[in-house]
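J.: Pasting a structure here, questions to come.
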Amino acid sequence: MAAVGRLPDGSAFAVLAGSPAGRLGDVWQLVGGCVPDTVLHGGTAAPVAGPEGLPGAPAQARYALSAARTGAPGTSRLTDATSLTSLDGLLAGVPAEVRRAFGAKVLGPLLETGRPPIAVLLDTLETFLACDGSWARTAQALHLHVNTVHYRVERIERLTGRALSRLTDRLDLWAALLCR
């Protein structure tokens, strides 16, 4: 059983009963084959157990659709909300303008161009976070003395107003780096 329709913004939707996971890929290919020169983006929600789960499904599908559009603007893509299992995946559904604004606000002075010392700090931040906050591994990866890493991290903290010893601040900075 299925219900299909069109939303006021022109988007199409379908509600499928049963377990459509395998069929959905086939249907997506058929639709794409009908309009081969058209870029199509689709988003699917997680399956719901009963009618009580239906109200949240459109929001999930719209978010997955936004992730599909953001991740592959010039290529047809179908994204399932259940595949958005990482911070990268979650951020994919956030509009590009919002991501850029967040990244600029959180990273602030670290994004200033034309100042080589600042570019070094941004690289240090990326490496420090990629090394899970390990001073020694960051120093090794950047071929620096560990005291230099400490000095740079202190400058990063002063410029951003974030403390890299706090998990929430680390997450904000990591997300901001992904949003650039």
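Please note that chains go A, B, ... in the order of the structure tokens, that every chain numbers its residues from 1, and that ligands are numbered from 1 in the order shown.
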According to DSSP computed on the backbone, where in chain A is there helix (DSSP H, G or I)? Give the residues as an MDAnalysis selection string.
T.: chainID A and resid 21:34 51:71 81:83 87:92 96:111 116:130 135:142 146:160 167:179
J.: Give me the residues near Ile118 in chain A as an NGL selection string, where near means some atom within 9 Å (using only C-alpha atoms) and where sequence neighbours in that chain fewer than 6 positions away do not count.
T.: :A and (109-112 or 156)
J.: Kindly save the residues from that selection, with N, CA and C atoms included, as a compact mmCIF listing (two decimals), in the first residue's frame.
T.:
```
# COMPACT_ATOMS: atom_id res chain seq x y z
N PRO A 109 38.64 34.89 14.57
CA PRO A 109 39.93 35.39 14.10
C PRO A 109 40.81 34.32 13.45
N LEU A 110 40.55 33.07 13.72
CA LEU A 110 41.38 32.01 13.13
C LEU A 110 41.17 31.89 11.61
N LEU A 111 40.11 32.52 11.11
CA LEU A 111 39.83 32.45 9.67
C LEU A 111 40.36 33.66 8.92
N GLU A 112 40.97 34.61 9.62
CA GLU A 112 41.49 35.79 8.95
C GLU A 112 42.59 35.39 7.98
N ILE A 156 44.95 29.90 20.60
CA ILE A 156 43.66 29.51 20.00
C ILE A 156 42.54 29.76 21.00
```
J.: Between A:Leu129, A:Val98, A:Ala141, A:Leu122, single out the one closest to Thr160 in chain A, counting only C-alpha atoms.
T.: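 Among A:Leu129, A:Val98, A:Ala141, A:Leu122, it is A:Leu122 that comes nearest to Thr160 in chain A.
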J.: CA of Leu178 in chain A and CA of Ala46 in chain A, how far apart in Å?
T.: 25.1 Å
J.: I'd like to know which of A:Tyr63, A:Phe102, A:Trp135, A:Trp28 is closest to Leu164 in chain A, using only C-alpha atoms.
T.: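 Checking each candidate against Leu164 in chain A, we get A:Trp135 as the closest.
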J.: Please run DSSP on the backbone and report, as a list in words, all residues within chain A that come out as strand (DSSP E or B).
T.: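 Residues meeting the strand (DSSP E or B) criterion: Ala2, Ala3, Val4, Gly5, Arg6, Ala12, Phe13, Ala14, Val15, Leu16, His41, Gly42, Gly43, Thr44, Arg77, Leu78, Thr79 and Asp80 of chain A.
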J.: Check the smallest atom-to-atom distance from each of A:Arg100, A:Lys105, A:His150, A:Arg162 to Ser134 in chain A using only C-alpha atoms, then report the winner.
T.: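 Selected residue with least distance to Ser134 in chain A: A:His150.
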